[in-house]
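The structure appears right after this line, and notes come after that.
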Amino acid sequence: MTTTDDPYAATVPWRETGLLSGLTSADVHVARRLGAIGGEDDERVLLAAALAVQALRSGSVCVVLDGTPGGDDVVRRSPLVADGPDGPADRPLRWVDGRLYLDRYWRDEQTVRSAMHERLARPAPADPVALSAAIDRLYPSASDEAQREALRTAATSYLTVLTGGPGTGKTTTVARLVAALQAAAGPGLRVALAAPTGKAAARLQESVNTEVAALDGVGPLQATTIHRLLGRPPGTTTRFRHDRLRRLPHDVVVVDESSMVSLSLMARLVEALRPTARLVLVGDPDQLASVEAGAVLGDLVAALPRGVVRLTRAHRYGASLAALAEAIRHGDADTTLALLRSGDEHRSLVEPAADRLSPSDLVGLRADIEASGAALVDAARANDAPAALRALGTHRLLVAHREGPFGLAHWAATAEAWIGSGAGAWPVGRPLLVTENDRASGLYNGDTGVVISDGLGGVVVAFGEPENPRLVRPHRLPAVQPVHAMTVHRGQGSQFDRVTLLLPPATSPLLTRELLYTAVTRAREKVRVIGTEDAVRAAVERPVRRASGLREPR
Ligand SMILES: Nc1ncnc2c1ncn2[C@@H]1O[C@H](COP(=O)(O)OP(=O)(O)OP(=O)(O)O)[C@@H](O)[C@H]1O
């Protein structure tokens with residue numbers, strides 16, 4: 001059976017008339033099953049239920065139902081629906097202030113909401129004299145007040161949300177924050193560093209340890225994924241080893257790249273923390289949110305009365321790119337276009353005449369891909385892993401879609417054709433993307449590497465940082481694929497000297513402010529956007545608003 005024959009395929013419209021027509025069959029199917037089990041056949045309630053399921057697929061935690069044909073009272077009185085926070089606990093759906101949830105998500109939201117408020121309600125004990133002394137020692141020049149404030153907040157609060165754009169010093173601050181907490185708490189402080197993906201955890205560990213190596217009294221720290229921190233007992237898929245009954249032993253838990261953490265995972269994490277553990281959430285809320293439902297970091301930044309520290313001074317980021325990122329962040333399409341068109345060496349806009357690209361639109365992109373491809377092959381042939389890994393970071397083509405004329409498959413093939421694929425199964429100079437986590441080789445989904453000559457007639461694949469390459473034989477690799485281009489989602493958490501972003505037409509639903517911001521902030525030196533004015537405007541002017549109740553009072 002092909003996907004399109006599958007009557008429950010999410011993309012196939014259910015052949016329905018009446019209120020449920022127009023929704024996808026998977027959503028309608030779930031709603032009809034809920035109705036059959038719960039004894040509800042009112043189409044207006046089933047429509048509301050289908051909308052709640054559909055909302056989850058687009059990243060929202062609930063659906064806001066003001067004015068939809070479901071009708072408030074009909075939905076609230078349904079045997080499928082718990083009405084209000086105090087409604088029965090055994091219904092599949094819950095209605096709270098015009099928002100309709102699948103009940104499980106409402107419970108997760110309540111868990112996160114109450115955990116965060118409880119954390120802020122109690123001051124954390126900190127010796128003020130030891131703390132100030134530690135901060136003065138870590139920041140002798142008093143130059144970055146926001147970073148100092150982050151240390152004070154982490155010491156005196158059980159919840160700290162540390163945000164900022166790229167290069168504003170979030171990782172540096174995490175390292176100093178751990179040092180300050182250790183200085184104030186004395187030895188034996190149990191610190192966990194975690195991130196939503198293995199790749200982000202590896203990056204966090206590396207940067208924090210580089211930083212702590214320069215500080216007195218802090219040993220090397222391990223970072224892990226949130227899933228691994230919570231622990232999965234063998235053979236289970238739904239429960240974690242650490243939960244509200246078997247709490248994590250740590251005194252401090254720092255989570256990096258928190259914008260990628262879903263509501264459900266955040267709920268499991270906060271449940272598993274001891275009330276006296278300090279939680280530090282680090283991330284950039286303007287980036288693309290988690291693949292699963294929720295935008296917890298953004299919601300917390302908007303809703304919390306205190307505990308949030310935003311770093312704004314870019315230390316490793318040109319003013320030119322920072323201005324562009326700010327214009328996008330503020331939703332200012334005119335300034336974004338003006339900055340992109342201004343002809344500065346750090347930013348450019350290639351504007352195709354229509355939604356079809358002509359060869360002249362691709363001259364610069366092709367030159368960059370050919371140059372980085374040639375540098376990869378030269379370094380790879382010379383068995384020079386550091387140079388090959390540097391070449392891998394010089395340029396990256398980012399796209400929004402997977403399929404179609406603006407999609408990953410087409411552009412990866414185009415780039416490969418421009419470079420010319422080498423001979424054999426493992427052509428020397430080929431850039432590779434790891435697509436699964438693999439403990440044995442220590443490689444993570446999202447890691448990138450280059451096939452290089454081993455100098456003895458064979459090949460190895462180089463991974464990691466240029467200063468510290470890791471070499472893996474091809475037969476030891478987990479699943480990999482060539483990486484001549486990447487989706488913006490994939491690029492999250494990585495940076496490149498130059499980035500080319502290929503925008504789809506303005507009508508694409510994937511064009512959002514977060515997509516553009518995330519792509520632009522992947523560039524260290526230069527960003528080139530290929531897209532029409534309409535596409536740029538559509539992106540800047542369309543922030544993703546994932547519906548949730550975390551910003552609301554209850
Ligand atoms: N207070 C400071 N004074 C001077 N340099 C700083 C300061 N804080 C950070 N830096 C430098 O700025 C650079 C970026 O810092 P860092 O990697 O911590 O930022 P980040 O926000 O974690 O970036 P990213 O989001 O890209 O991971 C580093 O080279 C760091 O040494």
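Here's how to read the names in the structure tokens: chain A, B, ... by the order shown, residue numbers from 1 in each chain, ligand numbers from 1 in the order shown.
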Could you list, as a tab-separated table (two decimals) with N, CA and C atoms, in the first residue's frame, every residue within 8 Å of range 289-295 of chain A, counting only C-alpha atoms and ignoring same-chain residues fewer than 2 positions away?
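Generated file (part01.tsv):
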chain	number	residue	atom	x	y	z
A	56	LEU	N	-1.79	19.68	17.71
A	56	LEU	CA	-0.57	19.04	18.22
A	56	LEU	C	0.41	18.77	17.09
A	57	ARG	N	-0.13	18.37	15.93
A	57	ARG	CA	0.78	18.06	14.82
A	57	ARG	C	1.51	19.29	14.32
A	58	SER	N	0.89	20.48	14.51
A	58	SER	CA	1.59	21.68	14.07
A	58	SER	C	2.37	22.33	15.22
A	59	GLY	N	2.52	21.62	16.33
A	59	GLY	CA	3.38	22.11	17.40
A	59	GLY	C	2.64	22.82	18.53
A	60	SER	N	1.35	23.06	18.35
A	60	SER	CA	0.59	23.71	19.42
A	60	SER	C	0.20	22.67	20.46
A	61	VAL	N	0.02	23.15	21.70
A	61	VAL	CA	-0.31	22.23	22.78
A	61	VAL	C	-1.83	22.07	22.91
A	259	SER	N	15.42	25.73	23.74
A	259	SER	CA	14.32	26.03	22.81
A	259	SER	C	13.86	24.77	22.09
A	260	MET	N	14.72	23.75	22.04
A	260	MET	CA	14.36	22.52	21.35
A	260	MET	C	13.67	21.49	22.26
A	261	VAL	N	13.43	21.85	23.52
A	261	VAL	CA	12.82	20.89	24.45
A	261	VAL	C	11.30	20.99	24.37
A	262	SER	N	10.63	19.85	24.16
A	262	SER	CA	9.17	19.85	24.04
A	262	SER	C	8.53	19.99	25.42
A	263	LEU	N	7.24	20.30	25.42
A	263	LEU	CA	6.50	20.42	26.68
A	263	LEU	C	6.56	19.13	27.49
A	264	SER	N	6.35	17.99	26.83
A	264	SER	CA	6.29	16.73	27.58
A	264	SER	C	7.63	16.40	28.22
A	285	PRO	N	15.21	31.76	22.54
A	285	PRO	CA	13.78	31.50	22.29
A	285	PRO	C	13.31	31.96	20.91
A	287	GLN	N	14.70	31.05	18.12
A	287	GLN	CA	14.96	30.00	17.13
A	287	GLN	C	13.75	29.09	16.96
A	297	LEU	N	10.40	27.32	26.17
A	297	LEU	CA	11.34	28.38	26.51
A	297	LEU	C	10.74	29.75	26.20
A	298	GLY	N	10.18	29.90	25.00
A	298	GLY	CA	9.56	31.17	24.62
A	298	GLY	C	8.43	31.54	25.55
A	299	ASP	N	7.62	30.56	25.91
A	299	ASP	CA	6.49	30.83	26.81
A	299	ASP	C	6.99	31.28	28.19
A	546	ARG	N	2.69	29.13	18.58
A	546	ARG	CA	2.16	27.83	18.98
A	546	ARG	C	1.21	28.07	20.13
A	548	SER	N	-0.67	27.69	23.42
A	548	SER	CA	-0.42	27.00	24.69
A	548	SER	C	-1.03	27.85	25.78
Residues of chain A that approach ligand 1 to 7 Å or less, counting only C-alpha atoms and all ligand atoms: could you list each one with the shortest pair of atoms and its distance in Å to one decimal, rows by chain and increasing residue number, as a Markdown table?
| residue | atom | partner | partner_atom_place_in_ligand_line | distance |
| --- | --- | --- | --- | --- |
| A:Ser143 | CA | ligand 1 | 1 (N) | 6.5 |
| A:Asp144 | CA | ligand 1 | 1 (N) | 5.1 |
| A:Gln147 | CA | ligand 1 | 1 (N) | 6.8 |
| A:Gly164 | CA | ligand 1 | 21 (O) | 6.3 |
| A:Gly165 | CA | ligand 1 | 25 (O) | 6.0 |
| A:Pro166 | CA | ligand 1 | 25 (O) | 3.6 |
| A:Gly167 | CA | ligand 1 | 23 (O) | 3.5 |
| A:Thr168 | CA | ligand 1 | 21 (O) | 4.0 |
| A:Gly169 | CA | ligand 1 | 18 (O) | 3.2 |
| A:Lys170 | CA | ligand 1 | 21 (O) | 3.7 |
| A:Thr171 | CA | ligand 1 | 18 (O) | 3.7 |
| A:Thr172 | CA | ligand 1 | 18 (O) | 3.7 |
| A:Thr173 | CA | ligand 1 | 18 (O) | 6.3 |
| A:His315 | CA | ligand 1 | 12 (O) | 4.2 |
| A:Arg316 | CA | ligand 1 | 13 (C) | 4.6 |
Convert the current residue selection to file output with N, CA and C atoms, as a PDB file, in the first residue's frame.
ATOM      1  N   SER A 143      32.818  43.983  33.112  1.00  0.00           N
ATOM      2  CA  SER A 143      32.383  44.484  31.807  1.00  0.00           C
ATOM      3  C   SER A 143      30.977  44.007  31.432  1.00  0.00           C
ATOM      4  N   ASP A 144      30.665  42.781  31.749  1.00  0.00           N
ATOM      5  CA  ASP A 144      29.391  42.272  31.263  1.00  0.00           C
ATOM      6  C   ASP A 144      28.405  42.082  32.400  1.00  0.00           C
ATOM      7  N   GLN A 147      25.911  39.061  32.315  1.00  0.00           N
ATOM      8  CA  GLN A 147      26.497  37.757  32.669  1.00  0.00           C
ATOM      9  C   GLN A 147      26.656  37.652  34.192  1.00  0.00           C
ATOM     10  N   GLY A 164      19.736  34.453  24.964  1.00  0.00           N
ATOM     11  CA  GLY A 164      20.563  35.383  24.195  1.00  0.00           C
ATOM     12  C   GLY A 164      20.804  34.815  22.820  1.00  0.00           C
ATOM     13  N   GLY A 165      21.134  35.677  21.881  1.00  0.00           N
ATOM     14  CA  GLY A 165      21.425  35.264  20.509  1.00  0.00           C
ATOM     15  C   GLY A 165      22.782  34.585  20.435  1.00  0.00           C
ATOM     16  N   PRO A 166      23.214  34.251  19.225  1.00  0.00           N
ATOM     17  CA  PRO A 166      24.482  33.546  19.078  1.00  0.00           C
ATOM     18  C   PRO A 166      25.662  34.416  19.515  1.00  0.00           C
ATOM     19  N   GLY A 167      26.632  33.790  20.156  1.00  0.00           N
ATOM     20  CA  GLY A 167      27.852  34.498  20.520  1.00  0.00           C
ATOM     21  C   GLY A 167      27.694  35.506  21.640  1.00  0.00           C
ATOM     22  N   THR A 168      26.578  35.484  22.370  1.00  0.00           N
ATOM     23  CA  THR A 168      26.398  36.443  23.464  1.00  0.00           C
ATOM     24  C   THR A 168      27.000  35.922  24.764  1.00  0.00           C
ATOM     25  N   GLY A 169      27.595  34.734  24.722  1.00  0.00           N
ATOM     26  CA  GLY A 169      28.319  34.249  25.889  1.00  0.00           C
ATOM     27  C   GLY A 169      27.522  33.309  26.776  1.00  0.00           C
ATOM     28  N   LYS A 170      26.529  32.640  26.235  1.00  0.00           N
ATOM     29  CA  LYS A 170      25.715  31.737  27.067  1.00  0.00           C
ATOM     30  C   LYS A 170      26.574  30.595  27.624  1.00  0.00           C
ATOM     31  N   THR A 171      27.369  29.963  26.757  1.00  0.00           N
ATOM     32  CA  THR A 171      28.172  28.836  27.221  1.00  0.00           C
ATOM     33  C   THR A 171      29.241  29.292  28.208  1.00  0.00           C
ATOM     34  N   THR A 172      29.883  30.407  27.887  1.00  0.00           N
ATOM     35  CA  THR A 172      30.884  30.974  28.788  1.00  0.00           C
ATOM     36  C   THR A 172      30.259  31.215  30.158  1.00  0.00           C
ATOM     37  N   THR A 173      29.042  31.761  30.148  1.00  0.00           N
ATOM     38  CA  THR A 173      28.360  32.073  31.405  1.00  0.00           C
ATOM     39  C   THR A 173      28.006  30.798  32.166  1.00  0.00           C
ATOM     40  N   HIS A 315      29.647  38.903  21.533  1.00  0.00           N
ATOM     41  CA  HIS A 315      31.109  38.954  21.666  1.00  0.00           C
ATOM     42  C   HIS A 315      31.809  38.386  20.451  1.00  0.00           C
ATOM     43  N   ARG A 316      31.182  37.406  19.802  1.00  0.00           N
ATOM     44  CA  ARG A 316      31.847  36.768  18.688  1.00  0.00           C
ATOM     45  C   ARG A 316      30.932  36.861  17.477  1.00  0.00           C
TER      46      ARG A 316
END
Residues within 12 Å of Glu467 in chain A, only C-alpha atoms, excluding chain neighbours under 4 positions, as a PDB file with C-alpha atoms, in the first residue's frame:
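Written output follows (out_30.pdb):
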ATOM      1  CA  GLU A 206      33.365  20.582  24.917  1.00  0.00           C
ATOM      2  CA  ASP A 384      44.838  16.487   6.647  1.00  0.00           C
ATOM      3  CA  ALA A 385      41.863  16.016   9.011  1.00  0.00           C
ATOM      4  CA  PRO A 386      42.035  19.494  10.631  1.00  0.00           C
ATOM      5  CA  ALA A 387      42.023  21.220   7.214  1.00  0.00           C
ATOM      6  CA  ALA A 388      39.190  18.982   5.982  1.00  0.00           C
ATOM      7  CA  LEU A 389      37.076  19.775   9.062  1.00  0.00           C
ATOM      8  CA  ARG A 390      37.815  23.488   8.643  1.00  0.00           C
ATOM      9  CA  ALA A 462      37.144  12.654  10.288  1.00  0.00           C
ATOM     10  CA  PHE A 463      34.663  14.099  12.819  1.00  0.00           C
TER      11      PHE A 463
END
Using only C-alpha atoms, find each residue of range 177-216 of chain A with at least one atom at most 10 Å away from an atom of range 107-126 of chain A; report its shortest atom-to-atom pair and that distance in Å (one decimal), sort the rows by chain and rising residue number, and return the result as a tab-separated table.
residue	atom	partner	partner_atom	distance
A:Leu181	CA	A:Ala126	CA	8.6
A:Ala184	CA	A:Ala126	CA	6.6
A:Ala185	CA	A:Ala126	CA	7.6
Any chance you can output those residues with N, CA and C atoms as a PDB file, in the first residue's frame?
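Just written: result_37.pdb:
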ATOM      1  N   LEU A 181      28.752  28.752  41.667  1.00  0.00           N
ATOM      2  CA  LEU A 181      27.933  27.935  42.568  1.00  0.00           C
ATOM      3  C   LEU A 181      28.823  27.026  43.399  1.00  0.00           C
ATOM      4  N   ALA A 184      30.360  29.071  46.092  1.00  0.00           N
ATOM      5  CA  ALA A 184      29.427  29.448  47.154  1.00  0.00           C
ATOM      6  C   ALA A 184      28.960  28.232  47.952  1.00  0.00           C
ATOM      7  N   ALA A 185      28.890  27.050  47.318  1.00  0.00           N
ATOM      8  CA  ALA A 185      28.334  25.868  47.994  1.00  0.00           C
ATOM      9  C   ALA A 185      29.413  24.975  48.578  1.00  0.00           C
TER      10      ALA A 185
END
- Of the residues A:Asp355, A:Ala130, A:Gly38, A:Val63, which is the one nearest to Tyr105 in chain A, using only C-alpha atoms?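 Result for the nearest residue to Tyr105 in chain A: A:Val63.
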- Nearest to Arg545 in chain A: which of A:Ala55, A:Val488, A:Ala89, A:Leu23 is it, counting only C-alpha atoms?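 Checking each candidate against Arg545 in chain A, we get A:Ala55 as the closest.
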- Task: With a distance cut-off of 12 Å and only C-alpha atoms, select the neighbouring residues of Pro249 in chain A, excluding the residue or stretch itself and same-chain residues fewer than 4 positions from it, and output the selection as a ChimeraX atom specification.
- Result: /A:188-192,229-230,242-245,253,272-278
- Query: What is the distance between CA of Pro478 in chain A and CA of Asp438 in chain A, in Å to one decimal?
  - Reply: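 Between these atoms lies a distance of 6.2 Å.
Omitting Pro187 in chain A and its sequence neighbours fewer than 4 positions away, and counting only C-alpha atoms, the residues within 12 Å are Val178, Ala179, Ala180, Leu181, Gln182, Ala183, Val191, Gly217, Val218, Gly219 and Asp251 of chain A.
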